[in-house]
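Visitor: My questions all concern the structure below.
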Amino acid sequence: MRKLTRRRQRNWRPRRCDMRTAARDIARAFIAATRATSTVDQAVQSLQPIALAMTTDASLSTFFHSQNLTSAQKEKAVYDACGADLTHEAQQLVRVLLAHHAMHELGEVLSAVQEENDRRLRRARVMVASAVQISSHVRLRIEQALAQALDRTVQAEYVVQPLHIGGFAVTIDGSRAWDGTVRGRL
């Protein structure tokens with residue numbers, strides 16, 4: 001028994017935490033610190049342009065990895081890029097990410113914040129893709145049916161995709177849930 005214990009001690013390595021888990025932890029702490037749910041949505045919205053820019057521009061990611069710049073300089077760059085749209089809570093989130101050298105994971109963190117906030121609010125994000133523009137009356141009926149089926153409030157986004165030929169497809173929280181398009185049946 002004693003040898004087994006020593007072997008475990010010798011082979012023990014700190015558990016690596018994947019970024020998805022860390023992002024969820026940051027998201028939970030952020031939401032707990034932020035009282036108003038509308039403020040959470042505003043903070044996510046105000047940081048989305050930076051997250052998008054970081055995924056499309058490798059030099060921006062390199063900038064945040066740079067050891068030659070201080071956190072204050074990096075923070076100022078974020079504030080300059082976002083302008084006056086950056087909420088106090090978003091500024092706090094940026095400070096935390098910079099302090100933990102995790103700014104390059106901003107997109108992952110914002111997704112986790114959005115998912116956690118939606119879960120707490122019992123909200124489903126739905127995208128309805130159709131071949132033609134859907135009238136407001138039909139939109140209302142779709143949203144009511146989905147809210148009843150999901151037992152959650154529905155935040156719907158509608159997009160026109162002519163390749164569907166006819167009908168519509170519903171994606172709930174990023175997963176294809178139902179495909180009632182003519183193209184899907186072919």
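Note on naming: chains are A, B, ... as they come in the structure tokens, residues start from 1 per chain, ligands start from 1 in the order shown.
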Contacts of Ala131 of chain A at 12 Å or less, counting only C-alpha atoms, minus same-chain residues fewer than 4 places along, as a list in words?
Guide: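 Skipping anything fewer than 4 positions along the chain leaves Tyr158, Val159, Val160, Gln161, Pro162, Leu163, His164, Ile165, Gly166, Gly167, Phe168, Ala169, Gly180, Thr181, Val182, Arg183 and Gly184 of chain A.
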Visitor: Would you save the residues from that selection as a compact mmCIF listing (two decimals), in the first residue's frame, using N, CA and C atoms?
Guide:
# COMPACT_ATOMS: atom_id res chain seq x y z
N TYR A 158 -34.76 35.54 -37.39
CA TYR A 158 -35.24 35.02 -38.66
C TYR A 158 -34.29 35.39 -39.77
N VAL A 159 -33.93 34.41 -40.59
CA VAL A 159 -33.06 34.66 -41.73
C VAL A 159 -33.69 34.04 -42.98
N VAL A 160 -33.45 34.69 -44.11
CA VAL A 160 -33.95 34.19 -45.38
C VAL A 160 -32.80 33.49 -46.10
N GLN A 161 -33.03 32.22 -46.44
CA GLN A 161 -32.05 31.42 -47.19
C GLN A 161 -32.75 30.81 -48.39
N PRO A 162 -32.64 31.47 -49.55
CA PRO A 162 -33.37 31.01 -50.74
C PRO A 162 -33.06 29.57 -51.15
N LEU A 163 -31.92 29.03 -50.73
CA LEU A 163 -31.57 27.65 -51.07
C LEU A 163 -32.50 26.63 -50.44
N HIS A 164 -33.29 27.03 -49.45
CA HIS A 164 -34.23 26.10 -48.81
C HIS A 164 -35.42 25.78 -49.71
N ILE A 165 -35.63 26.55 -50.75
CA ILE A 165 -36.69 26.38 -51.74
C ILE A 165 -38.07 26.66 -51.14
N GLY A 166 -38.42 26.05 -50.04
CA GLY A 166 -39.70 26.26 -49.37
C GLY A 166 -39.63 25.70 -47.96
N GLY A 167 -40.57 26.10 -47.11
CA GLY A 167 -40.59 25.64 -45.73
C GLY A 167 -39.58 26.40 -44.87
N PHE A 168 -39.30 25.86 -43.69
CA PHE A 168 -38.29 26.51 -42.83
C PHE A 168 -37.62 25.49 -41.93
N ALA A 169 -36.44 25.88 -41.44
CA ALA A 169 -35.66 25.04 -40.52
C ALA A 169 -35.49 25.80 -39.22
N GLY A 180 -37.85 21.43 -41.86
CA GLY A 180 -39.07 21.23 -42.63
C GLY A 180 -38.95 21.90 -43.99
N THR A 181 -37.73 21.98 -44.52
CA THR A 181 -37.53 22.62 -45.81
C THR A 181 -37.68 21.62 -46.94
N VAL A 182 -38.00 22.14 -48.12
CA VAL A 182 -38.08 21.29 -49.30
C VAL A 182 -36.68 20.73 -49.60
N ARG A 183 -35.69 21.53 -49.46
CA ARG A 183 -34.30 21.10 -49.70
C ARG A 183 -33.92 19.95 -48.76
N GLY A 184 -34.36 20.02 -47.52
CA GLY A 184 -34.06 18.97 -46.55
C GLY A 184 -34.74 17.65 -46.89
Visitor: Please give the complete set of residues from segment 45-180 of chain A that DSSP, run on the backbone, assigns to alpha helix (DSSP H), formatted as a ChimeraX atom specification.
Guide: /A:45-56,58-65,71-82,88-99,106-121,136-150
Visitor: Could you list, as a PyMOL selection string, every residue within 9 Å of Ala33 of chain A, counting only C-alpha atoms and ignoring same-chain residues fewer than 4 positions away?
Guide: chain A and resi 28-29+89
Visitor: Excluding Ile26 of chain A and any residue of its chain fewer than 5 positions from it, enumerate the residues within 9 Å of it, using only C-alpha atoms, and give them as a list of chain:residue names.
Guide: A:Thr21, A:Ile31, A:Leu93, A:Val96, A:Leu97, A:Val109, A:Ala112, A:Val113
Visitor: Pull the closest atom pair for each residue of segment 51-138 of chain A that gets at most 6 Å from segment 143-154 of chain A, along with the distance in Å to one decimal, counting only C-alpha atoms, ordering rows by chain and then ascending residue number, as CSV.
Guide:
residue,atom,partner,partner_atom,distance
A:Arg122,CA,A:Arg152,CA,5.2
A:Arg123,CA,A:Thr153,CA,4.8
A:Ala124,CA,A:Val154,CA,4.9
Visitor: From a DSSP pass on the backbone, collect the residues of chain A flagged as strand (DSSP E) and hand them back as a compact mmCIF listing (two decimals) with C-alpha atoms, in the first residue's frame.
Guide:
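As a result, selection.txt now contains:
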# COMPACT_ATOMS: atom_id res chain seq x y z
CA ARG A 123 -34.51 31.45 -22.49
CA ALA A 124 -33.99 29.63 -25.78
CA ARG A 125 -32.19 31.28 -28.67
CA VAL A 126 -33.88 30.17 -31.85
CA MET A 127 -32.94 30.79 -35.45
CA VAL A 128 -35.60 30.19 -38.08
CA ALA A 129 -34.29 29.95 -41.63
CA SER A 130 -36.81 30.08 -44.45
CA THR A 153 -39.16 31.98 -23.38
CA VAL A 154 -38.01 32.21 -26.98
CA GLN A 155 -35.70 34.80 -28.47
CA ALA A 156 -36.05 34.26 -32.20
CA GLU A 157 -33.96 35.41 -35.12
CA TYR A 158 -35.24 35.02 -38.66
CA VAL A 159 -33.06 34.66 -41.73
CA VAL A 160 -33.95 34.19 -45.38
CA PHE A 168 -38.29 26.51 -42.83
CA ALA A 169 -35.66 25.04 -40.52
CA VAL A 170 -35.42 25.70 -36.78
CA THR A 171 -32.15 25.77 -34.87
CA ILE A 172 -32.43 25.92 -31.08
CA SER A 175 -28.32 22.76 -32.67
CA ARG A 176 -30.48 21.91 -35.66
CA ALA A 177 -33.76 20.83 -34.11
CA TRP A 178 -36.14 20.55 -37.03
CA ASP A 179 -35.78 20.76 -40.79
Visitor: So how many Å separate atom CA of Arg35 of chain A and atom CA of Gln48 of chain A, to one decimal?
Guide: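 Between atom CA of Arg35 of chain A and atom CA of Gln48 of chain A the gap works out to 20.5 Å.
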Visitor: Which of these residues is nearest to His65 of chain A, using only C-alpha atoms: A:Leu110, A:Leu121, A:Met103, A:Leu52?
Guide: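 Going through A:Leu110, A:Leu121, A:Met103, A:Leu52 one by one, the smallest distance to His65 of chain A is for A:Met103.
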Visitor: Quote the spacing between atom CA of Ala81 of chain A and atom CA of Val94 of chain A in Å to one decimal place.
Guide: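 Here the two named atoms are 12.7 Å from each other.
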Visitor: Taking 2 positions as the minimum chain separation for residues in the same chain, which residues sit within 9 Å of Ser111 of chain A when counting only C-alpha atoms? Answer as an NGL selection string.
Guide: :A and (23-24 or 27 or 44 or 106-109 or 113-116)
Visitor: Taking only C-alpha atoms into account, which of A:Asn117, A:Ser61, A:Thr39, A:Thr87 comes nearest Ala102 of chain A?
Guide: A:Ser61
Visitor: Using only C-alpha atoms, can you tell me which of A:Ile134, A:Leu140, A:Ala36, A:Leu47 comes closest to Gly83 of chain A?
Guide: A:Leu47
Visitor: Calculated over only C-alpha atoms, which of the candidates A:Ser46, A:Thr34, A:Ala99, A:Asp173 has the smallest distance to Arg119 of chain A?
Guide: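 Among the listed residues, the smallest separation from Arg119 of chain A belongs to A:Asp173.
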Visitor: For Met54 of chain A, which of A:Gln91, A:Gln67, A:His104, A:Leu98 is the closest residue, counting only C-alpha atoms?
Guide: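 Selected residue with least distance to Met54 of chain A: A:His104.
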